[in-house]
Amino acid sequence: MYLLETLTPVAAGGLFSYAWLLIAVPAVCAALLLVLGRASDAWGHLLATLAPIASFVIALLLFIDMLGRDASQRAVRVPVYDFVDVGSWHLDVGLQIDQLSIVFVLLVTFVGSLIHIYSIGYMAHDPNRRRFFAYLNLFIAAMLTLVLADNYLVLFVGWEGVGLASYLLIGFWYERPTAAAAGNKAFIMNRIGDLGLTMAIFTMLAQFGSVRFTDVSAGAASLTPGWATLLGFMLLLAACGKSAQVPLQDWLMDAMEGPTPVSALIHAATMVTAGVYLVVRSHAVYEHTYTASLAVAIVGTVTLLAGAWIGSTKKDIKRVLAGSTMSQIGYMMLAAGLGPAGAAFAIFHLLTHGAFKANMFLGAGSVMHGTGDDTDMYHFGALSKVMPITFWTFACGYLAIIGFPGTAGYFSKDHIIEVAFERGPVFGVLALLGAGVTAYYMTRLMVLTFLGRKRWREEVHPHESPATMTVPLVVLAFLSIIAGAVMNNWIGDWLAPATGSHVEPTGLLHLSAIGVVTLVVVAAGIVLGWLLNRGEVPDEEPATSNPVALVGRNDLYGRTINDTLVVRPGRSAAHALAAVDKGVVDGAVMGGSGLVAGMAAGLRRLQNGYVRTYGLTTAVGVVLVGVVVILGRMA
């Protein structure tokens, strides 16, 4: 009862009446830049950068307003317009600003603004910079639509908008075959997940007659166990596609073909966080299906280990970070499947991850900027001496992701591990193992990239990035250190109305038994990463026959499995359908047309212009009619 009372949105008023500007500002700017084309090349990137900043300011004002309200008055609904009103179905377009959506909006607009600023320097010499910034604005607008929607139908519009924007940005350098293929893969694989969300919406309409979040939450208790489980699995399928969870994770590695700011935006503030948001927003459904909740936790656990495995074996700095994103989103999905308390910690880790992962991806972009767009860590080494700002800011992200005491990840990820142990020792041990492997491969990345001897090529002259790129790094590095401590004793209570559970606050040093064990495992991972990579590092990745390393380097053969189970059978099915289409469908159409043409050619000979021919035809016709009439009378 507490949950339903606190989540019932109040009517919009005051500043909340203008909440639609959060979406409209970046959407209009994107449309303007695309319509004006080359005419806006000189200033388009500046206008595009102001758009998320303006949205952030509006979001911050809304957040401050919410802080001054009673908890039961913080959820506000902003109606936009009626969409469908047929029979008992009333579907409208509306926004819901509540405790869950506002923290997402702050994350998307703030991190998105920093990425826009960074991109001014990173894309300075790209002739299509204006178009790139238009797509970034479109990405922000789509993600804000997704998280601000008050129903699943409007959420689906933002969901598809995010998919479109990711396709445009991953394949931005479409003249490169690998980039074009990567954009196509991300778009097509996400359609599988979209099928799950589409079927979930149809199911909600059939079961509740509504797709509004409040109606679904209120009606979830009336679902039969079978329908609740089926609906939970549909939503999980959708989340797996957007958040690159096993088995729909293969597109995420190839997505590194896009410009690095795109990677930061996808991995930190948009796209992959959408699946976590969907599961947490749908927590009322999962509360009534143990099977679907367990499936969410299992998928998250498998993915966090798969991502860590992949990250441990890659030589490409961006792909190591992509593997780590898989792993960290896996932690969030694991937590979301563990119940209301876990859902709060999932969002906590999502917010801290948004800071330190954006920091590290942009740091990787700074490394690439200073080394001629090289991504091979075996070509780096000793960059800390020539790129000190990039090194120290990246180090802050490194400390946060491994869970160094006091940093952002220490609070958010350790909470998930503790909740996992409460659910069962299997989940807890595997989550703990993931923390140790994370410490290993992130230490490996730091050593190969920034420490040891220099291994860059003679024609490469590493240098620090311009201020437009380093200032966002400094801001994100600062958040990577303090964000966890700031939110630790606040986020659980703030999200309680949206997740249905109050979380007990913890101190700045929550040295529980599990916390101590976690620190020991992380320390072991750091030591192992240092000892195995601190020696004489070769200039090229050494060949290996180690099956564990080979599987990781090949992304756990996800592409091979996908080709075997989906692409090749799909291609064979397509060829078979093409043959049927050509031989049967086209054959029937062409055969029928040939028959008509043949009959027409025969009849055409009778139209020869001779009176005697027409007289004979008439006589024959009269005889035939007479015969028919006589036979009819005799019958």
# chains A, B, ... in the order shown; residues from 1 in each chain; ligands from 1

call {"tool": "residues_around", "arguments": {"residues": "Leu153 of chain A", "least_positions_apart": "2", "cutoff": "8 Å", "atoms": "only C-alpha atoms", "output": "list in words"}}
result
Asn151, Leu155, Phe156, Val157, Ile201 and Val211 of chain A

call {"tool": "residues_around", "arguments": {"residues": "segment 288-298 of chain A", "least_positions_apart": "6", "cutoff": "7 Å", "atoms": "only C-alpha atoms", "output": "short mmCIF file (atom, residue, chain, number, x, y, z; two decimals) with C-alpha atoms, in the first residue's frame"}}
result
data_model
loop_
_atom_site.label_atom_id
_atom_site.label_comp_id
_atom_site.auth_asym_id
_atom_site.auth_seq_id
_atom_site.Cartn_x
_atom_site.Cartn_y
_atom_site.Cartn_z
CA ALA A 221 -0.76 -8.45 -8.17
CA PRO A 225 1.94 -16.74 -11.99
CA ALA A 228 3.64 -12.62 -14.55
CA THR A 229 6.54 -14.92 -15.47
CA GLY A 232 8.94 -10.74 -16.84
CA PHE A 233 10.77 -12.77 -19.49
CA LEU A 236 14.18 -9.30 -19.72
CA MET A 333 21.17 -6.63 -13.57
CA LEU A 334 22.16 -9.08 -10.85
CA ALA A 335 21.14 -6.53 -8.22
CA GLY A 337 16.96 -9.39 -9.94
CA LEU A 338 17.56 -9.64 -6.19
#

call {"tool": "closest_atom_pairs", "arguments": {"of": "segment 240-315 of chain A", "to": "segment 105-108 of chain A", "cutoff": "9 Å", "atoms": "only C-alpha atoms", "output": "CSV"}}
result
residue,atom,partner,partner_atom,distance
A:Leu265,CA,A:Val108,CA,8.6
A:Ala268,CA,A:Val108,CA,8.5
A:Ala269,CA,A:Val108,CA,5.0
A:Thr270,CA,A:Val108,CA,6.7

call {"tool": "closest_atom_pairs", "arguments": {"of": "segment 77-148 of chain A", "to": "segment 462-469 of chain A", "cutoff": "7 Å", "atoms": "only C-alpha atoms", "output": "CSV"}}
result
residue,atom,partner,partner_atom,distance
A:Ile117,CA,A:Thr468,CA,6.1
A:Tyr118,CA,A:Met469,CA,4.4
A:Ile120,CA,A:Thr468,CA,6.7
A:Gly121,CA,A:Thr468,CA,5.5

call {"tool": "select_by_dssp", "arguments": {"residues": "segment 138-235 of chain A", "states": "helix (DSSP H, G or I)", "output": "compact mmCIF listing (two decimals) with C-alpha atoms, in the first residue's frame"}}
result
# COMPACT_ATOMS: atom_id res chain seq x y z
CA LEU A 138 19.19 13.13 -30.96
CA PHE A 139 20.67 10.49 -28.66
CA ILE A 140 20.14 12.69 -25.60
CA ALA A 141 16.55 13.54 -26.60
CA ALA A 142 15.71 9.87 -27.19
CA MET A 143 17.16 8.74 -23.86
CA LEU A 144 15.31 11.50 -22.01
CA THR A 145 12.07 10.40 -23.69
CA LEU A 146 12.74 6.85 -22.53
CA VAL A 147 13.31 7.70 -18.87
CA LEU A 148 10.69 10.47 -18.58
CA TYR A 152 5.51 1.84 -21.72
CA LEU A 153 4.26 3.07 -25.11
CA VAL A 154 6.07 6.42 -24.86
CA LEU A 155 9.05 4.59 -23.32
CA PHE A 156 9.06 2.45 -26.49
CA VAL A 157 9.32 5.58 -28.65
CA GLY A 158 12.43 6.65 -26.72
CA TRP A 159 13.66 3.04 -26.79
CA GLU A 160 13.54 3.02 -30.60
CA GLY A 161 15.00 6.52 -30.78
CA VAL A 162 18.01 5.38 -28.79
CA GLY A 163 18.43 2.45 -31.18
CA LEU A 164 18.31 4.77 -34.19
CA ALA A 165 20.78 7.23 -32.69
CA SER A 166 23.20 4.44 -31.77
CA TYR A 167 23.02 3.13 -35.35
CA LEU A 168 23.80 6.57 -36.75
CA LEU A 169 26.67 7.22 -34.33
CA ILE A 170 28.31 3.78 -34.31
CA PRO A 177 33.27 -1.10 -43.88
CA THR A 178 33.85 -2.18 -40.27
CA ALA A 179 31.99 0.87 -38.92
CA ALA A 180 29.06 0.39 -41.30
CA ALA A 181 28.83 -3.30 -40.36
CA ALA A 182 29.02 -2.47 -36.64
CA GLY A 183 26.16 0.02 -36.94
CA ASN A 184 24.05 -2.54 -38.77
CA LYS A 185 24.81 -5.23 -36.18
CA ALA A 186 23.83 -2.99 -33.26
CA PHE A 187 20.60 -2.00 -34.99
CA ILE A 188 19.59 -5.51 -36.06
CA MET A 189 20.49 -7.30 -32.81
CA ASN A 190 18.54 -4.75 -30.82
CA ARG A 191 15.46 -5.55 -32.89
CA ILE A 192 15.45 -8.95 -31.15
CA GLY A 193 15.19 -7.23 -27.80
CA ASP A 194 12.59 -4.83 -29.18
CA LEU A 195 10.39 -7.82 -29.98
CA GLY A 196 10.33 -8.60 -26.26
CA LEU A 197 9.25 -5.07 -25.32
CA THR A 198 6.61 -5.00 -28.07
CA MET A 199 5.09 -8.27 -26.86
CA ALA A 200 5.23 -7.01 -23.27
CA ILE A 201 3.22 -3.92 -24.25
CA PHE A 202 0.62 -6.08 -26.04
CA THR A 203 0.39 -8.29 -22.96
CA MET A 204 -0.12 -5.29 -20.67
CA LEU A 205 -2.93 -3.98 -22.88
CA ALA A 206 -4.59 -7.38 -22.82
CA GLN A 207 -4.17 -7.93 -19.06
CA PHE A 208 -4.60 -4.40 -17.66
CA PHE A 213 3.34 2.57 -15.09
CA THR A 214 0.95 3.20 -12.19
CA ASP A 215 -1.75 0.98 -13.73
CA VAL A 216 0.68 -1.83 -14.44
CA SER A 217 2.10 -1.64 -10.90
CA ALA A 218 -1.40 -1.68 -9.39
CA GLY A 219 -2.56 -4.57 -11.58
CA ALA A 220 0.57 -6.72 -11.29
CA ALA A 221 -0.76 -8.45 -8.17
CA SER A 222 -3.76 -9.72 -10.15
CA PRO A 225 1.94 -16.74 -11.99
CA GLY A 226 2.18 -17.83 -15.61
CA TRP A 227 1.39 -14.42 -17.05
CA ALA A 228 3.64 -12.62 -14.55
CA THR A 229 6.54 -14.92 -15.47
CA LEU A 230 5.91 -14.55 -19.20
CA LEU A 231 5.75 -10.76 -18.90
CA GLY A 232 8.94 -10.74 -16.84
CA PHE A 233 10.77 -12.77 -19.49
CA MET A 234 9.55 -10.44 -22.25
CA LEU A 235 10.93 -7.44 -20.40

call {"tool": "closest_atom_pairs", "arguments": {"of": "segment 523-568 of chain A", "to": "segment 434-448 of chain A", "cutoff": "12 Å", "atoms": "only C-alpha atoms", "output": "Markdown table"}}
result
| residue | atom | partner | partner_atom | distance |
| --- | --- | --- | --- | --- |
| A:Ala523 | CA | A:Ala439 | CA | 7.5 |
| A:Ala524 | CA | A:Gly436 | CA | 6.9 |
| A:Gly525 | CA | A:Tyr440 | CA | 4.3 |
| A:Ile526 | CA | A:Tyr440 | CA | 5.2 |
| A:Val527 | CA | A:Tyr440 | CA | 7.7 |
| A:Leu528 | CA | A:Tyr440 | CA | 6.2 |
| A:Gly529 | CA | A:Tyr440 | CA | 4.5 |
| A:Trp530 | CA | A:Thr443 | CA | 6.4 |
| A:Leu531 | CA | A:Arg444 | CA | 9.3 |
| A:Leu532 | CA | A:Arg444 | CA | 8.0 |
| A:Asn533 | CA | A:Arg444 | CA | 6.2 |
| A:Arg534 | CA | A:Val447 | CA | 6.6 |
| A:Gly535 | CA | A:Val447 | CA | 9.9 |
| A:Glu536 | CA | A:Leu448 | CA | 10.4 |
| A:Val537 | CA | A:Leu448 | CA | 7.7 |
| A:Pro538 | CA | A:Leu448 | CA | 10.1 |
| A:Asp539 | CA | A:Leu448 | CA | 10.5 |
| A:Glu540 | CA | A:Leu448 | CA | 11.4 |
| A:Glu541 | CA | A:Leu448 | CA | 11.0 |

call {"tool": "atom_distance", "arguments": {"atom1": "atom CA of Leu252 of chain A", "atom2": "atom CA of Val272 of chain A"}}
result
9.2 Å

call {"tool": "closest_residue", "arguments": {"among": "A:Val471, A:Val320, A:Ala42, A:Val419", "to": "Ile389 of chain A", "atoms": "only C-alpha atoms"}}
result
A:Val471

call {"tool": "closest_residue", "arguments": {"among": "A:Ile115, A:Ala274, A:Leu433, A:Ile347", "to": "Pro259 of chain A", "atoms": "only C-alpha atoms"}}
result
A:Ile115

call {"tool": "select_by_dssp", "arguments": {"residues": "segment 13-259 of chain A", "states": "strand (DSSP E)", "output": "ChimeraX atom specification"}}
result
/A:76-86,89-97

call {"tool": "atom_distance", "arguments": {"atom1": "atom CA of Phe380 of chain A", "atom2": "atom CA of Leu451 of chain A"}}
result
8.7 Å

call {"tool": "closest_residue", "arguments": {"among": "A:Ala264, A:Ile102, A:Met271, A:Ala344", "to": "Gly241 of chain A", "atoms": "only C-alpha atoms"}}
result
A:Met271

call {"tool": "residues_around", "arguments": {"residues": "Gly94 of chain A", "least_positions_apart": "5", "cutoff": "9 Å", "atoms": "only C-alpha atoms", "output": "number ranges by chain"}}
result
A: 77-82, 148-151, 154

call {"tool": "write_last_selection", "arguments": {"atoms": "N, CA, C and O atoms", "output": "PDB file, in the first residue's frame"}}
result
ATOM      1  N   ARG A  77       3.132  13.976 -12.632  1.00  0.00           N
ATOM      2  CA  ARG A  77       2.794  13.592 -14.004  1.00  0.00           C
ATOM      3  C   ARG A  77       2.520  14.837 -14.833  1.00  0.00           C
ATOM      4  O   ARG A  77       1.772  15.721 -14.423  1.00  0.00           O
ATOM      5  N   VAL A  78       3.132  14.884 -16.019  1.00  0.00           N
ATOM      6  CA  VAL A  78       2.962  16.017 -16.928  1.00  0.00           C
ATOM      7  C   VAL A  78       2.268  15.515 -18.188  1.00  0.00           C
ATOM      8  O   VAL A  78       2.894  14.873 -19.036  1.00  0.00           O
ATOM      9  N   PRO A  79       0.960  15.764 -18.344  1.00  0.00           N
ATOM     10  CA  PRO A  79       0.278  15.330 -19.569  1.00  0.00           C
ATOM     11  C   PRO A  79       0.730  16.153 -20.771  1.00  0.00           C
ATOM     12  O   PRO A  79       0.970  17.357 -20.652  1.00  0.00           O
ATOM     13  N   VAL A  80       0.835  15.496 -21.926  1.00  0.00           N
ATOM     14  CA  VAL A  80       1.238  16.193 -23.148  1.00  0.00           C
ATOM     15  C   VAL A  80       0.073  16.221 -24.129  1.00  0.00           C
ATOM     16  O   VAL A  80      -0.409  17.283 -24.504  1.00  0.00           O
ATOM     17  N   TYR A  81      -0.406  15.059 -24.567  1.00  0.00           N
ATOM     18  CA  TYR A  81      -1.601  15.035 -25.409  1.00  0.00           C
ATOM     19  C   TYR A  81      -2.160  13.617 -25.461  1.00  0.00           C
ATOM     20  O   TYR A  81      -1.467  12.640 -25.177  1.00  0.00           O
ATOM     21  N   ASP A  82      -3.459  13.514 -25.819  1.00  0.00           N
ATOM     22  CA  ASP A  82      -4.110  12.214 -25.977  1.00  0.00           C
ATOM     23  C   ASP A  82      -3.682  11.598 -27.296  1.00  0.00           C
ATOM     24  O   ASP A  82      -3.613  12.281 -28.325  1.00  0.00           O
ATOM     25  N   LEU A 148      11.717   9.553 -19.083  1.00  0.00           N
ATOM     26  CA  LEU A 148      10.691  10.467 -18.578  1.00  0.00           C
ATOM     27  C   LEU A 148       9.276  10.000 -18.900  1.00  0.00           C
ATOM     28  O   LEU A 148       8.310  10.565 -18.396  1.00  0.00           O
ATOM     29  N   ALA A 149       9.143   9.001 -19.751  1.00  0.00           N
ATOM     30  CA  ALA A 149       7.811   8.511 -20.135  1.00  0.00           C
ATOM     31  C   ALA A 149       7.032   8.044 -18.914  1.00  0.00           C
ATOM     32  O   ALA A 149       7.609   7.506 -17.963  1.00  0.00           O
ATOM     33  N   ASP A 150       5.721   8.252 -18.933  1.00  0.00           N
ATOM     34  CA  ASP A 150       4.897   7.765 -17.828  1.00  0.00           C
ATOM     35  C   ASP A 150       4.186   6.469 -18.197  1.00  0.00           C
ATOM     36  O   ASP A 150       3.357   5.977 -17.434  1.00  0.00           O
ATOM     37  N   ASN A 151       4.488   5.927 -19.381  1.00  0.00           N
ATOM     38  CA  ASN A 151       3.901   4.661 -19.788  1.00  0.00           C
ATOM     39  C   ASN A 151       4.855   3.954 -20.737  1.00  0.00           C
ATOM     40  O   ASN A 151       5.784   4.548 -21.283  1.00  0.00           O
ATOM     41  N   VAL A 154       5.165   5.287 -24.629  1.00  0.00           N
ATOM     42  CA  VAL A 154       6.070   6.420 -24.856  1.00  0.00           C
ATOM     43  C   VAL A 154       7.509   5.989 -24.587  1.00  0.00           C
ATOM     44  O   VAL A 154       8.438   6.408 -25.289  1.00  0.00           O
TER      45      VAL A 154
END

call {"tool": "residues_around", "arguments": {"residues": "Gly14 of chain A", "least_positions_apart": "6", "cutoff": "12 Å", "atoms": "only C-alpha atoms", "output": "CSV table (one decimal) with all heavy atoms, in the first residue's frame"}}
result
chain,number,residue,atom,x,y,z
A,61,LEU,N,16.9,22.3,-11.5
A,61,LEU,CA,15.8,23.0,-10.9
A,61,LEU,C,14.7,22.2,-10.5
A,61,LEU,O,14.1,22.3,-9.4
A,61,LEU,CB,15.3,24.1,-11.8
A,61,LEU,CG,16.3,25.2,-12.2
A,61,LEU,CD1,15.8,26.2,-13.2
A,61,LEU,CD2,16.7,26.0,-10.9
A,62,LEU,N,14.3,21.2,-11.3
A,62,LEU,CA,13.2,20.3,-10.9
A,62,LEU,C,13.6,19.4,-9.7
A,62,LEU,O,12.8,19.2,-8.8
A,62,LEU,CB,12.9,19.4,-12.1
A,62,LEU,CG,12.2,20.0,-13.3
A,62,LEU,CD1,12.1,19.0,-14.4
A,62,LEU,CD2,10.9,20.6,-13.0
A,65,ASP,N,13.4,21.4,-6.6
A,65,ASP,CA,12.0,21.5,-6.2
A,65,ASP,C,11.5,20.2,-5.5
A,65,ASP,O,10.8,20.3,-4.5
A,65,ASP,CB,11.2,21.8,-7.5
A,65,ASP,CG,9.7,22.1,-7.1
A,65,ASP,OD1,9.1,21.3,-6.4
A,65,ASP,OD2,9.2,23.1,-7.6
A,66,MET,N,11.9,19.1,-6.1
A,66,MET,CA,11.5,17.8,-5.5
A,66,MET,C,12.1,17.6,-4.1
A,66,MET,O,11.4,17.0,-3.2
A,66,MET,CB,11.9,16.7,-6.4
A,66,MET,CG,11.2,16.6,-7.7
A,66,MET,SD,11.8,15.4,-8.9
A,66,MET,CE,11.3,13.9,-8.1
A,76,VAL,N,5.5,13.5,-10.1
A,76,VAL,CA,4.6,14.4,-10.8
A,76,VAL,C,4.4,13.9,-12.2
A,76,VAL,O,5.3,13.5,-12.9
A,76,VAL,CB,5.3,15.8,-10.8
A,76,VAL,CG1,4.4,16.8,-11.6
A,76,VAL,CG2,5.6,16.3,-9.4
A,78,VAL,N,3.1,14.9,-16.0
A,78,VAL,CA,3.0,16.0,-16.9
A,78,VAL,C,2.3,15.5,-18.2
A,78,VAL,O,2.9,14.9,-19.0
A,78,VAL,CB,4.3,16.7,-17.3
A,78,VAL,CG1,4.1,17.9,-18.2
A,78,VAL,CG2,5.1,17.0,-16.0

call {"tool": "closest_residue", "arguments": {"among": "A:Thr618, A:Phe348, A:Ala322, A:Arg605", "to": "Ala244 of chain A", "atoms": "only C-alpha atoms"}}
result
A:Ala322

call {"tool": "closest_residue", "arguments": {"among": "A:Ala27, A:Cys396, A:Ile401, A:Met256", "to": "Ser327 of chain A", "atoms": "only C-alpha atoms"}}
result
A:Ile401

call {"tool": "decode", "arguments": {"residues": "segment 33-43 of chain A", "atoms": "all heavy atoms", "output": "PDB file, in the first residue's frame"}}
result
ATOM      1  N   LEU A  33      19.969  21.440 -36.883  1.00  0.00           N
ATOM      2  CA  LEU A  33      21.280  21.214 -37.486  1.00  0.00           C
ATOM      3  C   LEU A  33      21.177  20.321 -38.717  1.00  0.00           C
ATOM      4  O   LEU A  33      21.895  20.515 -39.707  1.00  0.00           O
ATOM      5  CB  LEU A  33      22.227  20.580 -36.469  1.00  0.00           C
ATOM      6  CG  LEU A  33      22.602  21.454 -35.259  1.00  0.00           C
ATOM      7  CD1 LEU A  33      23.598  20.729 -34.375  1.00  0.00           C
ATOM      8  CD2 LEU A  33      23.160  22.782 -35.699  1.00  0.00           C
ATOM      9  N   LEU A  34      20.282  19.345 -38.672  1.00  0.00           N
ATOM     10  CA  LEU A  34      20.132  18.450 -39.821  1.00  0.00           C
ATOM     11  C   LEU A  34      19.457  19.159 -40.990  1.00  0.00           C
ATOM     12  O   LEU A  34      19.785  18.908 -42.155  1.00  0.00           O
ATOM     13  CB  LEU A  34      19.328  17.219 -39.418  1.00  0.00           C
ATOM     14  CG  LEU A  34      20.023  16.268 -38.432  1.00  0.00           C
ATOM     15  CD1 LEU A  34      19.075  15.166 -37.985  1.00  0.00           C
ATOM     16  CD2 LEU A  34      21.278  15.659 -39.044  1.00  0.00           C
ATOM     17  N   VAL A  35      18.520  20.064 -40.694  1.00  0.00           N
ATOM     18  CA  VAL A  35      17.820  20.790 -41.759  1.00  0.00           C
ATOM     19  C   VAL A  35      18.724  21.844 -42.390  1.00  0.00           C
ATOM     20  O   VAL A  35      18.766  21.995 -43.616  1.00  0.00           O
ATOM     21  CB  VAL A  35      16.531  21.437 -41.209  1.00  0.00           C
ATOM     22  CG1 VAL A  35      15.942  22.406 -42.237  1.00  0.00           C
ATOM     23  CG2 VAL A  35      15.506  20.373 -40.851  1.00  0.00           C
ATOM     24  N   LEU A  36      19.463  22.570 -41.565  1.00  0.00           N
ATOM     25  CA  LEU A  36      20.316  23.632 -42.091  1.00  0.00           C
ATOM     26  C   LEU A  36      21.528  23.086 -42.841  1.00  0.00           C
ATOM     27  O   LEU A  36      22.080  23.758 -43.710  1.00  0.00           O
ATOM     28  CB  LEU A  36      20.782  24.546 -40.954  1.00  0.00           C
ATOM     29  CG  LEU A  36      19.688  25.381 -40.299  1.00  0.00           C
ATOM     30  CD1 LEU A  36      20.271  26.212 -39.155  1.00  0.00           C
ATOM     31  CD2 LEU A  36      19.003  26.285 -41.311  1.00  0.00           C
ATOM     32  N   GLY A  37      21.954  21.893 -42.479  1.00  0.00           N
ATOM     33  CA  GLY A  37      23.063  21.273 -43.192  1.00  0.00           C
ATOM     34  C   GLY A  37      24.359  22.052 -43.066  1.00  0.00           C
ATOM     35  O   GLY A  37      24.703  22.565 -41.992  1.00  0.00           O
ATOM     36  N   ARG A  38      25.089  22.184 -44.166  1.00  0.00           N
ATOM     37  CA  ARG A  38      26.404  22.822 -44.168  1.00  0.00           C
ATOM     38  C   ARG A  38      26.362  24.276 -43.715  1.00  0.00           C
ATOM     39  O   ARG A  38      27.381  24.822 -43.284  1.00  0.00           O
ATOM     40  CB  ARG A  38      27.014  22.750 -45.569  1.00  0.00           C
ATOM     41  CG  ARG A  38      27.336  21.327 -46.041  1.00  0.00           C
ATOM     42  CD  ARG A  38      28.441  20.721 -45.223  1.00  0.00           C
ATOM     43  NE  ARG A  38      28.812  19.381 -45.677  1.00  0.00           N
ATOM     44  CZ  ARG A  38      29.681  18.614 -45.046  1.00  0.00           C
ATOM     45  NH1 ARG A  38      30.254  19.037 -43.927  1.00  0.00           N
ATOM     46  NH2 ARG A  38      29.965  17.405 -45.511  1.00  0.00           N
ATOM     47  N   ALA A  39      25.194  24.896 -43.788  1.00  0.00           N
ATOM     48  CA  ALA A  39      25.094  26.298 -43.376  1.00  0.00           C
ATOM     49  C   ALA A  39      25.392  26.486 -41.895  1.00  0.00           C
ATOM     50  O   ALA A  39      25.744  27.596 -41.464  1.00  0.00           O
ATOM     51  CB  ALA A  39      23.703  26.833 -43.692  1.00  0.00           C
ATOM     52  N   SER A  40      25.266  25.409 -41.097  1.00  0.00           N
ATOM     53  CA  SER A  40      25.510  25.511 -39.655  1.00  0.00           C
ATOM     54  C   SER A  40      26.839  24.900 -39.232  1.00  0.00           C
ATOM     55  O   SER A  40      27.074  24.702 -38.039  1.00  0.00           O
ATOM     56  CB  SER A  40      24.365  24.828 -38.895  1.00  0.00           C
ATOM     57  OG  SER A  40      24.295  23.450 -39.243  1.00  0.00           O
ATOM     58  N   ASP A  41      27.708  24.611 -40.192  1.00  0.00           N
ATOM     59  CA  ASP A  41      28.988  23.972 -39.864  1.00  0.00           C
ATOM     60  C   ASP A  41      29.822  24.794 -38.891  1.00  0.00           C
ATOM     61  O   ASP A  41      30.491  24.247 -38.012  1.00  0.00           O
ATOM     62  CB  ASP A  41      29.794  23.723 -41.143  1.00  0.00           C
ATOM     63  CG  ASP A  41      29.386  22.421 -41.826  1.00  0.00           C
ATOM     64  OD1 ASP A  41      28.581  21.675 -41.230  1.00  0.00           O
ATOM     65  OD2 ASP A  41      29.859  22.159 -42.938  1.00  0.00           O
ATOM     66  N   ALA A  42      29.797  26.113 -39.032  1.00  0.00           N
ATOM     67  CA  ALA A  42      30.684  26.964 -38.240  1.00  0.00           C
ATOM     68  C   ALA A  42      30.272  27.046 -36.772  1.00  0.00           C
ATOM     69  O   ALA A  42      31.127  27.234 -35.897  1.00  0.00           O
ATOM     70  CB  ALA A  42      30.738  28.374 -38.843  1.00  0.00           C
ATOM     71  N   TRP A  43      28.976  26.914 -36.495  1.00  0.00           N
ATOM     72  CA  TRP A  43      28.509  27.112 -35.120  1.00  0.00           C
ATOM     73  C   TRP A  43      27.620  25.974 -34.615  1.00  0.00           C
ATOM     74  O   TRP A  43      27.184  25.991 -33.464  1.00  0.00           O
ATOM     75  CB  TRP A  43      27.726  28.417 -35.018  1.00  0.00           C
ATOM     76  CG  TRP A  43      26.705  28.584 -36.117  1.00  0.00           C
ATOM     77  CD1 TRP A  43      26.884  29.228 -37.304  1.00  0.00           C
ATOM     78  CD2 TRP A  43      25.350  28.073 -36.147  1.00  0.00           C
ATOM     79  NE1 TRP A  43      25.744  29.168 -38.076  1.00  0.00           N
ATOM     80  CE2 TRP A  43      24.777  28.473 -37.395  1.00  0.00           C
ATOM     81  CE3 TRP A  43      24.582  27.337 -35.264  1.00  0.00           C
ATOM     82  CZ2 TRP A  43      23.479  28.149 -37.755  1.00  0.00           C
ATOM     83  CZ3 TRP A  43      23.280  27.010 -35.616  1.00  0.00           C
ATOM     84  CH2 TRP A  43      22.739  27.414 -36.854  1.00  0.00           C
TER      85      TRP A  43
END
